[in-house]
Amino acid sequence: MKRTPRAYVETYGCQMNISDGELMEGILEARGYEIAERPDDADVILVNTCAIRDHAEKRVLGRVSQLKGLKADNPELILGVTGCMAQRMGDDLLAKAPYVDLVMGPDGYRALPEALEQARGRSRSTGEGAEGGVLGSAPARVAREIPRPRRGPQLTVLDLDTGENYEGLEQRRTSDVSAWVPIQRGCDHRCTYCIVPYVRGPEKNRDPHEVLAEIAGIAAGGVHEVTLLGQTVNSYESGDWSFARLLREVARVPGIRRVRFTSPHPNDLTEELVEVMAAEPAVCEQLHLPAQSGNNRTLKRMLRRYTVETFLEKVELARSAIPDLALSTDIIVAFPGETDAEFRDTLELMRTVRFDDAFTYKYSLREGTPATRLPEGDFIPDDEAQARLEELITVARGIQAEINRSEVGRVEEVLVEKAARDPGSVLGRTRRNKVVAFPGDLSWVGHMHTVELTSTTGATFAGSRVAVAGTGTLVGAAV
Ligand code: 5AD
Ligand code: SF4
C-alpha cells in the first residue's frame, strides 16, 4: 500500500505568514497529506519565508542549507521555499541553493499539490477531475521548470495574481486558543523602505460573508479569540462593507469573546472604526498603530502619507473613545538620510505618546524598493544605526516599565495560551495584550481566568488567579 505522504511546514515572519503556513497545511491536508511535526520524518519540507529585512532572509538561507542535509537519508525528499523571500529572490534562490526543488511565492499556494507532484516527477494532467485538478475554481497555475543536472528540474511558481485571496480554501488551525483570520492580502501603499507590495502584490479583500462564516465556524469549534489580518487591515473594503462594519459584525458572532486586528494604517483609523471599537464589548482595548518615525521630513520620504501631527490626532481620537486603550507601534531608525536631530524627534514621539509596546527596527535595504535610489551618502553606517536603535529601545523599555508598574494590582481577564517557563504556571494575555504568567494548570489553556497582576519584570507580569462571584468559587481566593 502507498504510504501517506507527509509534509512539514516551517514558517518565519509576520502573523500573515503564519496564517499562510496554516493555509498551506490546510491545502495539503485536503489533498491527502499528513502534517508532520518535525522535518526528519517528512517527504516534503516547505520553508515559508519572510523578506521584510535582510537579517530575516540570511537566517532562512542558513536554515534551508541545514535542512538539505536530510536529503542524504531521504533522496526523494522535496525541499521547497515559499513566501515573500521566495517571491523576491525567485531564480536567484535556485542558483544560490541548487538543492531547493521548488520556489513558490505567496500567490501560488492553490497550485501547491500539483507543483509538488510535478517536483516528485509524477506530473499529472490537471483535467482528471477533483483529485487531479487544482483546488477551487481558479485556473491551474503551471510551475515553470528549470533543468538541473542529475536531480530533475527545479520548479518555480512566481506569478503574482491580482485576484487571489484564497477564498474557498481551509486553513489548518493549530491553536485551540486564538485564530488568525486574513481578511486582506497585499498592499496598495508604497512606503519607500518596504518590500511587501512587490512580493505580495496589490490589496485584495475577501468577501465579508465568507469571513463571517469562517469566524462562526471557528467559534463553534470552541475558539473564542480571533485576530483579523491584513497589511493595512483597516483599509478593508468590499462593496458597501467598510472595515468598521466588518469588525462590528465579527464582534457579534456568537461565541466570539475577543477580537483584535493587525496592522492598521493610521490614515484609515476613522471615527466610525473607533466608535465600533469602543461600543463592541468583544473588541479588545488594544491597538497596534505603526508610526515608523516621529519626524515629518522622514515620514514624507518614507511616503507614509501622514505627519506627526495627524498621527497624534489619531492617537487622541482612539484614546478619547477608549480610555483604557493599550497602544503599540513599529518604528524604523536610520532610514537613509535621517539626521540625528530627526532621530531625536522619534524619541520625542515615544515620550509624547507613551506606547505600551514598541517593535523597533534598523532600516534594512531591500533591493527594488524606492529608498534604494536615495543618494549613496544618505545610507547610515551600521554602528550609528545600532546606537540609535539601542537608544530607542532604552527609551521604549523605560516607558513600558513605568506603564506596567502602574498597572500592578489591576485585576484582568486572562486568556490562557500555554505552559509558562516555571513548572506549574501558565501564560496568557489580557484583553490589552499584556502577557501574564500565573500558577495554573494546563487544562486551563483556551479558557479565561480572572487574574490579579502582582508584579512586573517591566515587560511582562506575574499574577495570581482571583475567583469571581458567580463562578461557584470563593471571591478573593487566590489559587
Ligand atoms: N527595514 C526595516 N524595517 C522595516 N519594516 C518594513 N520594512 C522595513 C525595512 N526595509 C518594519 C516596519 C513595519 C514592520 C512590519 O517592519 O516597521 O511596520
Ligand atoms: Fe509596507 Fe507601507 Fe504597505 Fe505597510 S503600508 S505593508 S509598511 S508598503
# chains A, B, ... in the order shown; residues from 1 in each chain; ligands from 1
call {"tool": "closest_atom_pairs", "arguments": {"of": "chain A", "to": "ligand 1", "cutoff": "6 Å", "atoms": "only C-alpha atoms and all ligand atoms", "output": "Markdown table"}}
result
| residue | atom | partner | partner_atom_place_in_ligand_line | distance |
| --- | --- | --- | --- | --- |
| A:Ile52 | CA | ligand 1 | 7 (N) | 5.1 |
| A:Arg53 | CA | ligand 1 | 9 (C) | 5.4 |
| A:Tyr193 | CA | ligand 1 | 10 (N) | 4.5 |
| A:Cys194 | CA | ligand 1 | 7 (N) | 4.2 |
| A:Pro290 | CA | ligand 1 | 18 (O) | 5.7 |
| A:Gln292 | CA | ligand 1 | 17 (O) | 5.5 |
| A:Asp330 | CA | ligand 1 | 17 (O) | 4.5 |
| A:Ile331 | CA | ligand 1 | 17 (O) | 5.1 |
| A:Ile332 | CA | ligand 1 | 17 (O) | 5.3 |
| A:Tyr361 | CA | ligand 1 | 3 (N) | 5.0 |
| A:Lys362 | CA | ligand 1 | 2 (C) | 5.2 |
| A:Tyr363 | CA | ligand 1 | 1 (N) | 3.8 |
| A:Ser364 | CA | ligand 1 | 1 (N) | 3.7 |
| A:Leu365 | CA | ligand 1 | 10 (N) | 5.4 |
| A:Arg366 | CA | ligand 1 | 10 (N) | 5.6 |
call {"tool": "select_by_dssp", "arguments": {"residues": "stretch 12-208 of chain A", "states": "helix (DSSP H, G or I)", "output": "JSON, numbers by chain"}}
result
{"A": [15, 16, 17, 18, 19, 20, 21, 22, 23, 24, 25, 26, 27, 28, 29, 30, 39, 40, 41, 54, 55, 56, 57, 58, 59, 60, 61, 62, 63, 64, 65, 66, 67, 68, 69, 70, 71, 72, 84, 85, 86, 87, 88, 89, 91, 92, 93, 94, 95, 96, 109, 110, 111, 112, 113, 114, 115, 116, 117, 118, 119, 129, 130, 131, 132, 196, 197, 198, 199, 200, 208]}
call {"tool": "residues_near_ligand", "arguments": {"ligand": "ligand 2", "cutoff": "9 Å", "atoms": "only C-alpha atoms and all ligand atoms", "output": "PyMOL selection string"}}
result
chain A and resi 52+186-198+200+230-232+263-265+290+292+302-304
call {"tool": "atom_distance", "arguments": {"atom1": "atom CA of A:Val9", "atom2": "atom CA of A:Gln87"}}
result
17.0 Å
call {"tool": "residues_around", "arguments": {"residues": "stretch 160-173 of chain A", "least_positions_apart": "4", "cutoff": "6 Å", "atoms": "only C-alpha atoms", "output": "list in words"}}
result
Glu22, Leu23, Glu25, Gly26 and Asp107 of chain A
call {"tool": "select_by_dssp", "arguments": {"residues": "stretch 166-324 of chain A", "states": "strand (DSSP E)", "output": "PDB file with all heavy atoms, in the first residue's frame"}}
result
ATOM      1  N   SER A 178      -6.660  30.772  19.917  1.00  0.00           N
ATOM      2  CA  SER A 178      -6.796  32.016  19.172  1.00  0.00           C
ATOM      3  C   SER A 178      -6.611  31.712  17.681  1.00  0.00           C
ATOM      4  O   SER A 178      -5.832  30.831  17.332  1.00  0.00           O
ATOM      5  CB  SER A 178      -5.677  32.940  19.655  1.00  0.00           C
ATOM      6  OG  SER A 178      -5.853  34.218  19.121  1.00  0.00           O
ATOM      7  N   ALA A 179      -7.339  32.429  16.826  1.00  0.00           N
ATOM      8  CA  ALA A 179      -7.243  32.133  15.391  1.00  0.00           C
ATOM      9  C   ALA A 179      -6.877  33.385  14.601  1.00  0.00           C
ATOM     10  O   ALA A 179      -7.412  34.471  14.844  1.00  0.00           O
ATOM     11  CB  ALA A 179      -8.580  31.578  14.893  1.00  0.00           C
ATOM     12  N   TRP A 180      -5.957  33.230  13.656  1.00  0.00           N
ATOM     13  CA  TRP A 180      -5.637  34.303  12.708  1.00  0.00           C
ATOM     14  C   TRP A 180      -6.594  34.204  11.544  1.00  0.00           C
ATOM     15  O   TRP A 180      -6.757  33.128  10.976  1.00  0.00           O
ATOM     16  CB  TRP A 180      -4.224  34.128  12.127  1.00  0.00           C
ATOM     17  CG  TRP A 180      -3.128  33.976  13.117  1.00  0.00           C
ATOM     18  CD1 TRP A 180      -2.368  32.854  13.320  1.00  0.00           C
ATOM     19  CD2 TRP A 180      -2.603  34.971  14.005  1.00  0.00           C
ATOM     20  NE1 TRP A 180      -1.437  33.097  14.297  1.00  0.00           N
ATOM     21  CE2 TRP A 180      -1.553  34.380  14.722  1.00  0.00           C
ATOM     22  CE3 TRP A 180      -2.937  36.299  14.256  1.00  0.00           C
ATOM     23  CZ2 TRP A 180      -0.826  35.078  15.685  1.00  0.00           C
ATOM     24  CZ3 TRP A 180      -2.218  36.993  15.209  1.00  0.00           C
ATOM     25  CH2 TRP A 180      -1.177  36.384  15.903  1.00  0.00           C
ATOM     26  N   VAL A 181      -7.197  35.308  11.176  1.00  0.00           N
ATOM     27  CA  VAL A 181      -8.124  35.288  10.041  1.00  0.00           C
ATOM     28  C   VAL A 181      -7.727  36.373   9.047  1.00  0.00           C
ATOM     29  O   VAL A 181      -8.011  37.556   9.265  1.00  0.00           O
ATOM     30  CB  VAL A 181      -9.584  35.506  10.502  1.00  0.00           C
ATOM     31  CG1 VAL A 181     -10.527  35.469   9.314  1.00  0.00           C
ATOM     32  CG2 VAL A 181      -9.981  34.470  11.542  1.00  0.00           C
ATOM     33  N   PRO A 182      -7.054  35.996   7.943  1.00  0.00           N
ATOM     34  CA  PRO A 182      -6.728  37.018   6.955  1.00  0.00           C
ATOM     35  C   PRO A 182      -7.998  37.509   6.275  1.00  0.00           C
ATOM     36  O   PRO A 182      -8.807  36.701   5.841  1.00  0.00           O
ATOM     37  CB  PRO A 182      -5.807  36.287   5.959  1.00  0.00           C
ATOM     38  CG  PRO A 182      -5.932  34.850   6.243  1.00  0.00           C
ATOM     39  CD  PRO A 182      -6.584  34.654   7.576  1.00  0.00           C
ATOM     40  N   GLN A 184      -7.561  40.313   4.181  1.00  0.00           N
ATOM     41  CA  GLN A 184      -6.994  41.133   3.094  1.00  0.00           C
ATOM     42  C   GLN A 184      -5.578  40.631   2.823  1.00  0.00           C
ATOM     43  O   GLN A 184      -4.867  40.251   3.745  1.00  0.00           O
ATOM     44  CB  GLN A 184      -6.942  42.568   3.616  1.00  0.00           C
ATOM     45  CG  GLN A 184      -6.264  43.585   2.735  1.00  0.00           C
ATOM     46  CD  GLN A 184      -5.955  44.846   3.544  1.00  0.00           C
ATOM     47  OE1 GLN A 184      -5.097  44.829   4.419  1.00  0.00           O
ATOM     48  NE2 GLN A 184      -6.665  45.917   3.260  1.00  0.00           N
ATOM     49  N   ARG A 185      -5.211  40.628   1.539  1.00  0.00           N
ATOM     50  CA  ARG A 185      -3.831  40.288   1.184  1.00  0.00           C
ATOM     51  C   ARG A 185      -3.270  41.429   0.354  1.00  0.00           C
ATOM     52  O   ARG A 185      -3.990  42.144  -0.315  1.00  0.00           O
ATOM     53  CB  ARG A 185      -3.770  38.988   0.371  1.00  0.00           C
ATOM     54  CG  ARG A 185      -4.326  37.792   1.112  1.00  0.00           C
ATOM     55  CD  ARG A 185      -4.286  36.543   0.263  1.00  0.00           C
ATOM     56  NE  ARG A 185      -2.928  36.115  -0.004  1.00  0.00           N
ATOM     57  CZ  ARG A 185      -2.210  35.352   0.801  1.00  0.00           C
ATOM     58  NH1 ARG A 185      -2.705  34.905   1.926  1.00  0.00           N
ATOM     59  NH2 ARG A 185      -0.975  35.006   0.467  1.00  0.00           N
ATOM     60  N   LYS A 204      -6.040  42.952  -1.912  1.00  0.00           N
ATOM     61  CA  LYS A 204      -7.169  42.108  -2.309  1.00  0.00           C
ATOM     62  C   LYS A 204      -7.978  41.803  -1.064  1.00  0.00           C
ATOM     63  O   LYS A 204      -7.431  41.294  -0.095  1.00  0.00           O
ATOM     64  CB  LYS A 204      -6.658  40.765  -2.884  1.00  0.00           C
ATOM     65  CG  LYS A 204      -5.877  40.903  -4.162  1.00  0.00           C
ATOM     66  CD  LYS A 204      -4.820  39.808  -4.321  1.00  0.00           C
ATOM     67  CE  LYS A 204      -3.541  40.179  -3.625  1.00  0.00           C
ATOM     68  NZ  LYS A 204      -2.305  39.708  -4.232  1.00  0.00           N
ATOM     69  N   ASN A 205      -9.251  42.133  -1.069  1.00  0.00           N
ATOM     70  CA  ASN A 205     -10.078  41.938   0.125  1.00  0.00           C
ATOM     71  C   ASN A 205     -11.014  40.761  -0.050  1.00  0.00           C
ATOM     72  O   ASN A 205     -11.503  40.495  -1.144  1.00  0.00           O
ATOM     73  CB  ASN A 205     -10.874  43.205   0.402  1.00  0.00           C
ATOM     74  CG  ASN A 205      -9.967  44.336   0.831  1.00  0.00           C
ATOM     75  OD1 ASN A 205      -9.227  44.213   1.809  1.00  0.00           O
ATOM     76  ND2 ASN A 205      -9.974  45.431   0.078  1.00  0.00           N
ATOM     77  N   GLU A 225     -11.143  33.694  20.507  1.00  0.00           N
ATOM     78  CA  GLU A 225     -10.401  34.920  20.150  1.00  0.00           C
ATOM     79  C   GLU A 225      -9.984  34.851  18.689  1.00  0.00           C
ATOM     80  O   GLU A 225      -9.411  33.853  18.251  1.00  0.00           O
ATOM     81  CB  GLU A 225      -9.153  35.060  21.033  1.00  0.00           C
ATOM     82  CG  GLU A 225      -8.362  36.326  20.709  1.00  0.00           C
ATOM     83  CD  GLU A 225      -7.100  36.482  21.571  1.00  0.00           C
ATOM     84  OE1 GLU A 225      -7.222  36.989  22.692  1.00  0.00           O
ATOM     85  OE2 GLU A 225      -6.020  36.092  21.109  1.00  0.00           O
ATOM     86  N   VAL A 226     -10.257  35.918  17.942  1.00  0.00           N
ATOM     87  CA  VAL A 226      -9.778  35.983  16.559  1.00  0.00           C
ATOM     88  C   VAL A 226      -9.008  37.289  16.348  1.00  0.00           C
ATOM     89  O   VAL A 226      -9.316  38.305  16.962  1.00  0.00           O
ATOM     90  CB  VAL A 226     -10.922  35.910  15.504  1.00  0.00           C
ATOM     91  CG1 VAL A 226     -11.557  34.541  15.476  1.00  0.00           C
ATOM     92  CG2 VAL A 226     -11.955  36.984  15.694  1.00  0.00           C
ATOM     93  N   THR A 227      -8.008  37.198  15.475  1.00  0.00           N
ATOM     94  CA  THR A 227      -7.278  38.402  15.062  1.00  0.00           C
ATOM     95  C   THR A 227      -7.435  38.540  13.557  1.00  0.00           C
ATOM     96  O   THR A 227      -7.038  37.649  12.804  1.00  0.00           O
ATOM     97  CB  THR A 227      -5.789  38.303  15.434  1.00  0.00           C
ATOM     98  OG1 THR A 227      -5.681  38.066  16.840  1.00  0.00           O
ATOM     99  CG2 THR A 227      -5.044  39.586  15.083  1.00  0.00           C
ATOM    100  N   LEU A 228      -8.050  39.636  13.135  1.00  0.00           N
ATOM    101  CA  LEU A 228      -8.228  39.896  11.697  1.00  0.00           C
ATOM    102  C   LEU A 228      -6.910  40.425  11.143  1.00  0.00           C
ATOM    103  O   LEU A 228      -6.291  41.320  11.727  1.00  0.00           O
ATOM    104  CB  LEU A 228      -9.343  40.921  11.475  1.00  0.00           C
ATOM    105  CG  LEU A 228     -10.680  40.591  12.143  1.00  0.00           C
ATOM    106  CD1 LEU A 228     -11.710  41.687  11.851  1.00  0.00           C
ATOM    107  CD2 LEU A 228     -11.206  39.235  11.665  1.00  0.00           C
ATOM    108  N   LEU A 229      -6.492  39.854  10.021  1.00  0.00           N
ATOM    109  CA  LEU A 229      -5.179  40.206   9.480  1.00  0.00           C
ATOM    110  C   LEU A 229      -5.274  40.877   8.127  1.00  0.00           C
ATOM    111  O   LEU A 229      -6.086  40.495   7.287  1.00  0.00           O
ATOM    112  CB  LEU A 229      -4.337  38.935   9.277  1.00  0.00           C
ATOM    113  CG  LEU A 229      -3.929  38.127  10.490  1.00  0.00           C
ATOM    114  CD1 LEU A 229      -3.110  36.919  10.039  1.00  0.00           C
ATOM    115  CD2 LEU A 229      -3.125  38.983  11.460  1.00  0.00           C
ATOM    116  N   GLU A 237     -12.221  46.971   2.322  1.00  0.00           N
ATOM    117  CA  GLU A 237     -13.444  47.474   1.694  1.00  0.00           C
ATOM    118  C   GLU A 237     -13.965  46.389   0.762  1.00  0.00           C
ATOM    119  O   GLU A 237     -13.187  45.812   0.006  1.00  0.00           O
ATOM    120  CB  GLU A 237     -13.090  48.719   0.877  1.00  0.00           C
ATOM    121  CG  GLU A 237     -14.253  49.618   0.646  1.00  0.00           C
ATOM    122  CD  GLU A 237     -13.832  50.908  -0.035  1.00  0.00           C
ATOM    123  OE1 GLU A 237     -12.724  50.951  -0.623  1.00  0.00           O
ATOM    124  OE2 GLU A 237     -14.605  51.859   0.014  1.00  0.00           O
ATOM    125  N   SER A 238     -15.243  46.096   0.854  1.00  0.00           N
ATOM    126  CA  SER A 238     -15.825  45.124  -0.061  1.00  0.00           C
ATOM    127  C   SER A 238     -17.275  45.524  -0.299  1.00  0.00           C
ATOM    128  O   SER A 238     -18.084  45.481   0.623  1.00  0.00           O
ATOM    129  CB  SER A 238     -15.737  43.720   0.545  1.00  0.00           C
ATOM    130  OG  SER A 238     -16.340  42.796  -0.323  1.00  0.00           O
ATOM    131  N   TRP A 241     -19.227  47.319   2.389  1.00  0.00           N
ATOM    132  CA  TRP A 241     -18.687  46.938   3.701  1.00  0.00           C
ATOM    133  C   TRP A 241     -17.382  47.678   3.952  1.00  0.00           C
ATOM    134  O   TRP A 241     -16.416  47.521   3.211  1.00  0.00           O
ATOM    135  CB  TRP A 241     -18.425  45.436   3.763  1.00  0.00           C
ATOM    136  CG  TRP A 241     -19.663  44.620   3.921  1.00  0.00           C
ATOM    137  CD1 TRP A 241     -20.628  44.420   2.963  1.00  0.00           C
ATOM    138  CD2 TRP A 241     -20.077  43.905   5.090  1.00  0.00           C
ATOM    139  NE1 TRP A 241     -21.622  43.620   3.473  1.00  0.00           N
ATOM    140  CE2 TRP A 241     -21.304  43.283   4.772  1.00  0.00           C
ATOM    141  CE3 TRP A 241     -19.526  43.724   6.361  1.00  0.00           C
ATOM    142  CZ2 TRP A 241     -21.985  42.496   5.692  1.00  0.00           C
ATOM    143  CZ3 TRP A 241     -20.202  42.937   7.266  1.00  0.00           C
ATOM    144  CH2 TRP A 241     -21.425  42.339   6.938  1.00  0.00           C
ATOM    145  N   SER A 242     -17.347  48.451   5.029  1.00  0.00           N
ATOM    146  CA  SER A 242     -16.091  49.068   5.468  1.00  0.00           C
ATOM    147  C   SER A 242     -15.459  48.125   6.497  1.00  0.00           C
ATOM    148  O   SER A 242     -16.100  47.170   6.962  1.00  0.00           O
ATOM    149  CB  SER A 242     -16.374  50.408   6.124  1.00  0.00           C
ATOM    150  OG  SER A 242     -17.144  50.185   7.306  1.00  0.00           O
ATOM    151  N   ARG A 258     -13.267  37.765  22.021  1.00  0.00           N
ATOM    152  CA  ARG A 258     -12.194  38.744  21.850  1.00  0.00           C
ATOM    153  C   ARG A 258     -11.888  38.907  20.358  1.00  0.00           C
ATOM    154  O   ARG A 258     -11.665  37.908  19.672  1.00  0.00           O
ATOM    155  CB  ARG A 258     -10.904  38.268  22.509  1.00  0.00           C
ATOM    156  CG  ARG A 258     -10.925  38.332  24.003  1.00  0.00           C
ATOM    157  CD  ARG A 258      -9.571  37.889  24.515  1.00  0.00           C
ATOM    158  NE  ARG A 258      -9.449  38.130  25.938  1.00  0.00           N
ATOM    159  CZ  ARG A 258      -8.311  38.048  26.597  1.00  0.00           C
ATOM    160  NH1 ARG A 258      -7.193  37.730  25.952  1.00  0.00           N
ATOM    161  NH2 ARG A 258      -8.258  38.281  27.890  1.00  0.00           N
ATOM    162  N   VAL A 259     -11.827  40.148  19.915  1.00  0.00           N
ATOM    163  CA  VAL A 259     -11.428  40.414  18.532  1.00  0.00           C
ATOM    164  C   VAL A 259     -10.277  41.410  18.559  1.00  0.00           C
ATOM    165  O   VAL A 259     -10.337  42.429  19.253  1.00  0.00           O
ATOM    166  CB  VAL A 259     -12.594  41.008  17.703  1.00  0.00           C
ATOM    167  CG1 VAL A 259     -12.168  41.178  16.243  1.00  0.00           C
ATOM    168  CG2 VAL A 259     -13.827  40.142  17.794  1.00  0.00           C
ATOM    169  N   ARG A 260      -9.229  41.085  17.814  1.00  0.00           N
ATOM    170  CA  ARG A 260      -8.115  42.020  17.613  1.00  0.00           C
ATOM    171  C   ARG A 260      -7.939  42.176  16.104  1.00  0.00           C
ATOM    172  O   ARG A 260      -8.471  41.387  15.314  1.00  0.00           O
ATOM    173  CB  ARG A 260      -6.815  41.460  18.200  1.00  0.00           C
ATOM    174  CG  ARG A 260      -6.915  41.048  19.661  1.00  0.00           C
ATOM    175  CD  ARG A 260      -5.555  40.542  20.146  1.00  0.00           C
ATOM    176  NE  ARG A 260      -5.643  39.914  21.437  1.00  0.00           N
ATOM    177  CZ  ARG A 260      -5.636  40.552  22.609  1.00  0.00           C
ATOM    178  NH1 ARG A 260      -5.545  41.871  22.627  1.00  0.00           N
ATOM    179  NH2 ARG A 260      -5.714  39.893  23.737  1.00  0.00           N
ATOM    180  N   PHE A 261      -7.127  43.139  15.678  1.00  0.00           N
ATOM    181  CA  PHE A 261      -6.813  43.267  14.248  1.00  0.00           C
ATOM    182  C   PHE A 261      -5.427  43.861  14.104  1.00  0.00           C
ATOM    183  O   PHE A 261      -4.986  44.641  14.948  1.00  0.00           O
ATOM    184  CB  PHE A 261      -7.869  44.105  13.520  1.00  0.00           C
ATOM    185  CG  PHE A 261      -8.109  45.471  14.104  1.00  0.00           C
ATOM    186  CD1 PHE A 261      -7.381  46.572  13.673  1.00  0.00           C
ATOM    187  CD2 PHE A 261      -9.067  45.665  15.088  1.00  0.00           C
ATOM    188  CE1 PHE A 261      -7.612  47.833  14.218  1.00  0.00           C
ATOM    189  CE2 PHE A 261      -9.300  46.914  15.635  1.00  0.00           C
ATOM    190  CZ  PHE A 261      -8.561  48.013  15.193  1.00  0.00           C
ATOM    191  N   THR A 262      -4.724  43.464  13.042  1.00  0.00           N
ATOM    192  CA  THR A 262      -3.387  43.998  12.815  1.00  0.00           C
ATOM    193  C   THR A 262      -3.013  43.839  11.353  1.00  0.00           C
ATOM    194  O   THR A 262      -3.445  42.859  10.734  1.00  0.00           O
ATOM    195  CB  THR A 262      -2.375  43.312  13.755  1.00  0.00           C
ATOM    196  OG1 THR A 262      -1.215  44.088  13.838  1.00  0.00           O
ATOM    197  CG2 THR A 262      -2.010  41.895  13.327  1.00  0.00           C
ATOM    198  N   GLN A 286      -7.066  47.388  22.625  1.00  0.00           N
ATOM    199  CA  GLN A 286      -5.674  47.311  22.198  1.00  0.00           C
ATOM    200  C   GLN A 286      -5.568  47.747  20.750  1.00  0.00           C
ATOM    201  O   GLN A 286      -6.432  47.414  19.939  1.00  0.00           O
ATOM    202  CB  GLN A 286      -5.198  45.859  22.314  1.00  0.00           C
ATOM    203  CG  GLN A 286      -3.809  45.602  21.833  1.00  0.00           C
ATOM    204  CD  GLN A 286      -3.753  44.516  20.768  1.00  0.00           C
ATOM    205  OE1 GLN A 286      -4.548  43.582  20.761  1.00  0.00           O
ATOM    206  NE2 GLN A 286      -2.812  44.640  19.851  1.00  0.00           N
ATOM    207  N   LEU A 287      -4.539  48.516  20.447  1.00  0.00           N
ATOM    208  CA  LEU A 287      -4.358  48.994  19.073  1.00  0.00           C
ATOM    209  C   LEU A 287      -2.872  49.043  18.751  1.00  0.00           C
ATOM    210  O   LEU A 287      -2.098  49.656  19.481  1.00  0.00           O
ATOM    211  CB  LEU A 287      -4.982  50.387  18.953  1.00  0.00           C
ATOM    212  CG  LEU A 287      -4.944  51.045  17.566  1.00  0.00           C
ATOM    213  CD1 LEU A 287      -5.794  50.266  16.569  1.00  0.00           C
ATOM    214  CD2 LEU A 287      -5.442  52.487  17.645  1.00  0.00           C
ATOM    215  N   HIS A 288      -2.517  48.372  17.652  1.00  0.00           N
ATOM    216  CA  HIS A 288      -1.139  48.466  17.157  1.00  0.00           C
ATOM    217  C   HIS A 288      -1.159  49.482  16.026  1.00  0.00           C
ATOM    218  O   HIS A 288      -1.782  49.251  14.995  1.00  0.00           O
ATOM    219  CB  HIS A 288      -0.678  47.096  16.662  1.00  0.00           C
ATOM    220  CG  HIS A 288       0.726  47.119  16.145  1.00  0.00           C
ATOM    221  ND1 HIS A 288       1.810  47.265  16.987  1.00  0.00           N
ATOM    222  CD2 HIS A 288       1.234  47.050  14.889  1.00  0.00           C
ATOM    223  CE1 HIS A 288       2.923  47.284  16.263  1.00  0.00           C
ATOM    224  NE2 HIS A 288       2.596  47.153  14.995  1.00  0.00           N
TER     225      HIS A 288
END
call {"tool": "atom_distance", "arguments": {"atom1": "atom CA of A:Val416", "atom2": "atom CA of A:Asn404"}}
result
19.5 Å
call {"tool": "closest_residue", "arguments": {"among": "A:Pro336, A:Pro202, A:Pro423, A:Pro439", "to": "A:Ile380", "atoms": "only C-alpha atoms"}}
result
A:Pro336
call {"tool": "residues_around", "arguments": {"residues": "A:Leu389", "least_positions_apart": "2", "cutoff": "8 Å", "atoms": "only C-alpha atoms", "output": "NGL selection string"}}
result
:A and (333 or 360-362 or 385-387 or 391-393)
call {"tool": "residues_around", "arguments": {"residues": "A:Asp422", "least_positions_apart": "4", "cutoff": "12 Å", "atoms": "only C-alpha atoms", "output": "list in words"}}
result
Lys418, Val426, Leu427, Ala437, Phe438, Pro439, Gly440, Asp441 and Ala462 of chain A
call {"tool": "closest_residue", "arguments": {"among": "A:Gly239, A:Val233, A:Gly337, A:Arg257", "to": "A:Gly377", "atoms": "only C-alpha atoms"}}
result
A:Gly337
call {"tool": "residues_around", "arguments": {"residues": "A:Leu70", "least_positions_apart": "2", "cutoff": "12 Å", "atoms": "only C-alpha atoms", "output": "VMD selection string"}}
result
chain A and resid 38 to 45 63 to 68 72 to 79 99
call {"tool": "closest_residue", "arguments": {"among": "A:Met277, A:Val353, A:Val466, A:Ala291", "to": "A:Tyr306", "atoms": "only C-alpha atoms"}}
result
A:Ala291
call {"tool": "atom_distance", "arguments": {"atom1": "atom CA of A:Arg6", "atom2": "atom CA of A:Gly62"}}
result
23.1 Å
call {"tool": "residues_around", "arguments": {"residues": "A:Glu402", "least_positions_apart": "6", "cutoff": "10 Å", "atoms": "only C-alpha atoms", "output": "MDAnalysis selection string"}}
result
chainID A and resid 354 356 458:459
call {"tool": "write_last_selection", "arguments": {"atoms": "N, CA and C atoms", "output": "PDB file, in the first residue's frame"}}
result
ATOM      1  N   ARG A 354       3.780  57.651  24.690  1.00  0.00           N
ATOM      2  CA  ARG A 354       3.958  56.633  25.733  1.00  0.00           C
ATOM      3  C   ARG A 354       3.251  55.320  25.336  1.00  0.00           C
ATOM      4  N   ASP A 356       2.558  51.381  25.024  1.00  0.00           N
ATOM      5  CA  ASP A 356       2.698  50.235  25.922  1.00  0.00           C
ATOM      6  C   ASP A 356       3.756  49.269  25.404  1.00  0.00           C
ATOM      7  N   GLY A 458       8.707  44.498  33.997  1.00  0.00           N
ATOM      8  CA  GLY A 458       8.813  45.687  33.138  1.00  0.00           C
ATOM      9  C   GLY A 458       8.092  45.409  31.842  1.00  0.00           C
ATOM     10  N   ALA A 459       8.341  44.219  31.283  1.00  0.00           N
ATOM     11  CA  ALA A 459       7.705  43.870  30.011  1.00  0.00           C
ATOM     12  C   ALA A 459       6.504  42.962  30.212  1.00  0.00           C
TER      13      ALA A 459
END
call {"tool": "closest_residue", "arguments": {"among": "A:His224, A:Val250, A:Arg432, A:Asp357", "to": "A:Met448", "atoms": "only C-alpha atoms"}}
result
A:His224
